[in-house]
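Colleague: Dropping the structure in here first, questions after.
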Amino acid sequence: TSTATRRVRRMGMTLVEMMFSVGIGSLVCAAALATLLFSLRSFQALTNYQDLNGKTRLALDTLSRDIRQSNGCSTNATFSASSLTLTGTNVVTLAPYTITYNYNSTATTLTRTYTESSAQASVLLSNCTYFAFSYFLRNPANASFDVFTNDSENAALCKLVQVDWNCWRSILGNPVNTQIGESARIVIRKE
């Protein structure tokens, strides 16, 4: 019996033991892989939201600064939901400038073009599924601060510009993260 016991100890694992250990190992590896993929997707979603927040904040700050410091909407441009043209005077050089915002629905981008002596274009927002400008005027006969839709499309009467947009980011090519309801009303300070 001692030689038989030694021979059994040297034989190793049986086929049933091997299949059982491979099955348990596969389940543990599958669970670890699922957890890893879920974690990577979550971290990518957080990164996307951080990117959306930063780009949205930069775009809103730039739009607010440009609209507030301008002399008003350009009288040469027509009111459009996808474009805004502002005119102003550079405080340092006293040269007139024009700032144009254009939303391209095909490229899903909002582009800012600053023109003083030469044109400088930059993309403020990308992956925008919706963007719109709305124009308002203040009723000079009314002592309140109410604003009304600028139906006359007279650029000289425009006192307030509302911007609305929706942007998205993707994970593995699928649009997953969206930022809905970005909206601001910005008053033109110059009279």
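Quick note on naming: the chains in the structure tokens go A, B, ... in the order shown, residues restart at 1 in each chain, and ligands are numbered from 1 in order of appearance.
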Find the residues near Ser118 of chain A: any atom within 12 Å, counting only C-alpha atoms, skip ones fewer than 6 places away on the same chain, and give them as a PyMOL selection string.
Modeller: chain A and resi 95-99
Colleague: Please, which residues in segment 83-172 of chain A fall within 12 Å of segment 58-65 of chain A when counting only C-alpha atoms, and what is the closest atom pair and distance in Å to one decimal for each, ordered by chain then residue number, as JSON lines?
Modeller:
```
{"residue": "A:Leu84", "atom": "CA", "partner": "A:Leu63", "partner_atom": "CA", "distance": 10.3}
{"residue": "A:Thr85", "atom": "CA", "partner": "A:Leu63", "partner_atom": "CA", "distance": 11.5}
{"residue": "A:Leu86", "atom": "CA", "partner": "A:Leu63", "partner_atom": "CA", "distance": 10.6}
{"residue": "A:Gly88", "atom": "CA", "partner": "A:Arg65", "partner_atom": "CA", "distance": 11.9}
{"residue": "A:Ile99", "atom": "CA", "partner": "A:Leu63", "partner_atom": "CA", "distance": 10.1}
{"residue": "A:Thr100", "atom": "CA", "partner": "A:Leu63", "partner_atom": "CA", "distance": 10.5}
{"residue": "A:Tyr101", "atom": "CA", "partner": "A:Leu63", "partner_atom": "CA", "distance": 8.9}
{"residue": "A:Thr109", "atom": "CA", "partner": "A:Ala59", "partner_atom": "CA", "distance": 11.6}
{"residue": "A:Leu110", "atom": "CA", "partner": "A:Ala59", "partner_atom": "CA", "distance": 9.1}
{"residue": "A:Thr111", "atom": "CA", "partner": "A:Ala59", "partner_atom": "CA", "distance": 10.1}
{"residue": "A:Arg112", "atom": "CA", "partner": "A:Leu63", "partner_atom": "CA", "distance": 9.1}
{"residue": "A:Thr113", "atom": "CA", "partner": "A:Leu63", "partner_atom": "CA", "distance": 11.8}
{"residue": "A:Tyr114", "atom": "CA", "partner": "A:Thr62", "partner_atom": "CA", "distance": 11.7}
{"residue": "A:Ser122", "atom": "CA", "partner": "A:Ala59", "partner_atom": "CA", "distance": 11.0}
{"residue": "A:Val123", "atom": "CA", "partner": "A:Ala59", "partner_atom": "CA", "distance": 9.4}
{"residue": "A:Leu124", "atom": "CA", "partner": "A:Ala59", "partner_atom": "CA", "distance": 5.6}
{"residue": "A:Leu125", "atom": "CA", "partner": "A:Ala59", "partner_atom": "CA", "distance": 6.8}
{"residue": "A:Ser126", "atom": "CA", "partner": "A:Ala59", "partner_atom": "CA", "distance": 10.5}
{"residue": "A:Phe133", "atom": "CA", "partner": "A:Leu63", "partner_atom": "CA", "distance": 11.2}
{"residue": "A:Leu160", "atom": "CA", "partner": "A:Ser64", "partner_atom": "CA", "distance": 10.9}
{"residue": "A:Val161", "atom": "CA", "partner": "A:Ser64", "partner_atom": "CA", "distance": 9.5}
{"residue": "A:Gln162", "atom": "CA", "partner": "A:Ser64", "partner_atom": "CA", "distance": 10.2}
{"residue": "A:Val163", "atom": "CA", "partner": "A:Leu63", "partner_atom": "CA", "distance": 8.8}
{"residue": "A:Asp164", "atom": "CA", "partner": "A:Leu60", "partner_atom": "CA", "distance": 10.2}
{"residue": "A:Trp165", "atom": "CA", "partner": "A:Leu60", "partner_atom": "CA", "distance": 10.5}
{"residue": "A:Cys167", "atom": "CA", "partner": "A:Ala59", "partner_atom": "CA", "distance": 11.7}
```
Colleague: What is the atom CA of Gln69 of chain A-atom CA of Asn127 of chain A distance in Å, reported with one decimal?
Modeller: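 Separating atom CA of Gln69 of chain A from atom CA of Asn127 of chain A is a distance of 27.5 Å.
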Colleague: In terms of the shortest atom-to-atom distance over only C-alpha atoms, which of A:Ala119, A:Val187, A:Ala31, A:Ala107 is closest to Phe136 of chain A?
Modeller: A:Val187
Colleague: Using only C-alpha atoms, which protein or nucleic acid residues come within 10 Å of segment 43-52 of chain A? Drop anything in the same chain fewer than 5 positions from it, and give the result as a VMD selection string.
Modeller: chain A and resid 37 to 38 57 to 58 125 to 127 167 to 172 176 to 179
Colleague: For the residues selected in the previous step, produce a file with all heavy atoms as a short mmCIF file (atom, residue, chain, number, x, y, z; two decimals), in the first residue's frame.
Modeller:
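again28.cif was written with the following content:
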```cif
data_model
loop_
_atom_site.label_atom_id
_atom_site.label_comp_id
_atom_site.auth_asym_id
_atom_site.auth_seq_id
_atom_site.Cartn_x
_atom_site.Cartn_y
_atom_site.Cartn_z
N LEU A 37 -13.51 46.46 -17.69
CA LEU A 37 -14.18 47.17 -18.78
C LEU A 37 -15.19 48.19 -18.25
O LEU A 37 -15.29 49.31 -18.79
CB LEU A 37 -14.87 46.17 -19.71
CG LEU A 37 -13.94 45.30 -20.54
CD1 LEU A 37 -14.73 44.27 -21.34
CD2 LEU A 37 -13.08 46.14 -21.47
N PHE A 38 -15.95 47.84 -17.23
CA PHE A 38 -16.89 48.78 -16.63
C PHE A 38 -16.14 49.98 -16.06
O PHE A 38 -16.56 51.14 -16.24
CB PHE A 38 -17.70 48.09 -15.53
CG PHE A 38 -18.62 49.02 -14.80
CD1 PHE A 38 -19.80 49.43 -15.37
CD2 PHE A 38 -18.28 49.50 -13.54
CE1 PHE A 38 -20.65 50.30 -14.71
CE2 PHE A 38 -19.11 50.37 -12.87
CZ PHE A 38 -20.31 50.77 -13.45
N ARG A 57 -17.75 75.99 -20.53
CA ARG A 57 -17.42 77.17 -19.72
C ARG A 57 -16.59 78.17 -20.53
O ARG A 57 -16.84 79.37 -20.49
CB ARG A 57 -16.65 76.73 -18.47
CG ARG A 57 -16.55 77.82 -17.44
CD ARG A 57 -15.97 77.33 -16.14
NE ARG A 57 -16.08 75.90 -15.99
CZ ARG A 57 -15.22 75.15 -15.31
NH1 ARG A 57 -14.20 75.70 -14.72
NH2 ARG A 57 -15.38 73.86 -15.21
N LEU A 58 -15.61 77.68 -21.29
CA LEU A 58 -14.79 78.56 -22.12
C LEU A 58 -15.64 79.26 -23.19
O LEU A 58 -15.51 80.47 -23.41
CB LEU A 58 -13.66 77.78 -22.79
CG LEU A 58 -12.80 78.56 -23.77
CD1 LEU A 58 -12.00 79.64 -23.04
CD2 LEU A 58 -11.88 77.63 -24.53
N LEU A 125 -16.76 75.34 -29.95
CA LEU A 125 -17.48 74.13 -29.55
C LEU A 125 -17.46 73.13 -30.70
O LEU A 125 -17.56 73.51 -31.86
CB LEU A 125 -18.93 74.44 -29.19
CG LEU A 125 -19.18 75.29 -27.97
CD1 LEU A 125 -20.66 75.67 -27.87
CD2 LEU A 125 -18.76 74.57 -26.71
N SER A 126 -17.34 71.87 -30.35
CA SER A 126 -17.43 70.81 -31.35
C SER A 126 -18.44 69.78 -30.89
O SER A 126 -18.81 69.74 -29.72
CB SER A 126 -16.06 70.16 -31.57
OG SER A 126 -15.57 69.63 -30.36
N ASN A 127 -18.90 68.96 -31.81
CA ASN A 127 -19.91 67.93 -31.53
C ASN A 127 -21.19 68.53 -30.94
O ASN A 127 -21.75 68.00 -29.99
CB ASN A 127 -19.37 66.84 -30.60
CG ASN A 127 -18.21 66.09 -31.20
OD1 ASN A 127 -18.12 65.96 -32.42
ND2 ASN A 127 -17.32 65.60 -30.37
N CYS A 167 -24.21 69.73 -26.61
CA CYS A 167 -23.02 69.07 -27.13
C CYS A 167 -22.94 67.64 -26.61
O CYS A 167 -23.59 67.30 -25.63
CB CYS A 167 -21.75 69.81 -26.72
SG CYS A 167 -21.58 71.43 -27.47
N TRP A 168 -22.13 66.81 -27.26
CA TRP A 168 -21.99 65.41 -26.85
C TRP A 168 -20.56 64.95 -27.06
O TRP A 168 -19.79 65.55 -27.79
CB TRP A 168 -22.95 64.51 -27.61
CG TRP A 168 -22.74 64.53 -29.09
CD1 TRP A 168 -23.31 65.40 -29.98
CD2 TRP A 168 -21.88 63.69 -29.86
NE1 TRP A 168 -22.86 65.14 -31.25
CE2 TRP A 168 -21.99 64.09 -31.20
CE3 TRP A 168 -21.03 62.64 -29.55
CZ2 TRP A 168 -21.28 63.47 -32.23
CZ3 TRP A 168 -20.33 62.02 -30.57
CH2 TRP A 168 -20.46 62.44 -31.89
N ARG A 169 -20.21 63.87 -26.40
CA ARG A 169 -18.94 63.18 -26.58
C ARG A 169 -19.24 61.70 -26.73
O ARG A 169 -20.30 61.22 -26.33
CB ARG A 169 -17.99 63.40 -25.39
CG ARG A 169 -17.55 64.82 -25.20
CD ARG A 169 -16.67 65.30 -26.35
NE ARG A 169 -16.21 66.65 -26.15
CZ ARG A 169 -16.82 67.74 -26.56
NH1 ARG A 169 -17.96 67.64 -27.17
NH2 ARG A 169 -16.30 68.93 -26.37
N SER A 170 -18.32 60.95 -27.29
CA SER A 170 -18.58 59.54 -27.56
C SER A 170 -17.59 58.65 -26.80
O SER A 170 -16.50 59.07 -26.42
CB SER A 170 -18.47 59.26 -29.05
OG SER A 170 -17.14 59.48 -29.49
N ILE A 171 -18.02 57.42 -26.60
CA ILE A 171 -17.17 56.37 -26.07
C ILE A 171 -17.21 55.24 -27.08
O ILE A 171 -18.28 54.70 -27.39
CB ILE A 171 -17.65 55.87 -24.69
CG1 ILE A 171 -17.57 57.01 -23.67
CG2 ILE A 171 -16.84 54.68 -24.23
CD1 ILE A 171 -18.12 56.65 -22.31
N LEU A 172 -16.06 54.89 -27.63
CA LEU A 172 -15.93 53.86 -28.66
C LEU A 172 -16.83 54.14 -29.86
O LEU A 172 -17.44 53.25 -30.42
CB LEU A 172 -16.22 52.48 -28.08
CG LEU A 172 -15.30 52.01 -26.95
CD1 LEU A 172 -15.79 50.70 -26.37
CD2 LEU A 172 -13.87 51.88 -27.45
N VAL A 176 -22.44 58.98 -26.19
CA VAL A 176 -22.93 58.54 -24.89
C VAL A 176 -23.18 59.72 -23.97
O VAL A 176 -24.25 59.87 -23.41
CB VAL A 176 -21.92 57.56 -24.24
CG1 VAL A 176 -22.36 57.19 -22.85
CG2 VAL A 176 -21.77 56.33 -25.10
N ASN A 177 -22.17 60.56 -23.80
CA ASN A 177 -22.27 61.66 -22.85
C ASN A 177 -22.85 62.89 -23.54
O ASN A 177 -22.34 63.34 -24.55
CB ASN A 177 -20.90 62.02 -22.29
CG ASN A 177 -20.27 60.84 -21.59
OD1 ASN A 177 -19.28 60.33 -22.04
ND2 ASN A 177 -20.85 60.41 -20.50
N THR A 178 -23.92 63.44 -22.99
CA THR A 178 -24.51 64.65 -23.53
C THR A 178 -24.63 65.69 -22.42
O THR A 178 -24.72 65.36 -21.26
CB THR A 178 -25.90 64.41 -24.13
OG1 THR A 178 -26.75 63.88 -23.12
CG2 THR A 178 -25.84 63.47 -25.30
N GLN A 179 -24.61 66.92 -22.85
CA GLN A 179 -24.82 68.01 -21.92
C GLN A 179 -25.99 68.81 -22.48
O GLN A 179 -25.87 69.47 -23.50
CB GLN A 179 -23.56 68.86 -21.82
CG GLN A 179 -23.55 69.79 -20.66
CD GLN A 179 -22.16 70.34 -20.42
OE1 GLN A 179 -21.39 70.48 -21.32
NE2 GLN A 179 -21.88 70.66 -19.18
#
```
Colleague: Please determine, counting only C-alpha atoms, which residue among A:Lys55, A:Val91, A:Ala34, A:Asn166 has the shortest atom-to-atom distance to Cys128 of chain A.
Modeller: A:Asn166
Colleague: Find the residues around Ser80 of chain A up to 9 Å (only C-alpha atoms counted), leave out those fewer than 6 positions away in its own chain, and share them as a VMD selection string.
Modeller: chain A and resid 132 to 135
Colleague: Next, write the just-selected residues to a file, as an mmCIF file, in the first residue's frame, keeping N, CA and C atoms as the atom set.
Modeller:
```cif
data_model
loop_
_atom_site.group_PDB
_atom_site.id
_atom_site.type_symbol
_atom_site.label_atom_id
_atom_site.label_comp_id
_atom_site.auth_asym_id
_atom_site.auth_seq_id
_atom_site.Cartn_x
_atom_site.Cartn_y
_atom_site.Cartn_z
ATOM 1 N N ALA A 132 -28.358 77.673 -31.123
ATOM 2 C CA ALA A 132 -29.255 78.719 -31.633
ATOM 3 C C ALA A 132 -29.006 80.031 -30.906
ATOM 4 N N PHE A 133 -29.070 81.123 -31.680
ATOM 5 C CA PHE A 133 -29.058 82.481 -31.145
ATOM 6 C C PHE A 133 -30.487 83.009 -31.199
ATOM 7 N N SER A 134 -30.891 83.753 -30.171
ATOM 8 C CA SER A 134 -32.177 84.460 -30.170
ATOM 9 C C SER A 134 -31.890 85.907 -29.791
ATOM 10 N N TYR A 135 -32.623 86.836 -30.404
ATOM 11 C CA TYR A 135 -32.352 88.265 -30.229
ATOM 12 C C TYR A 135 -33.541 88.940 -29.553
#
```
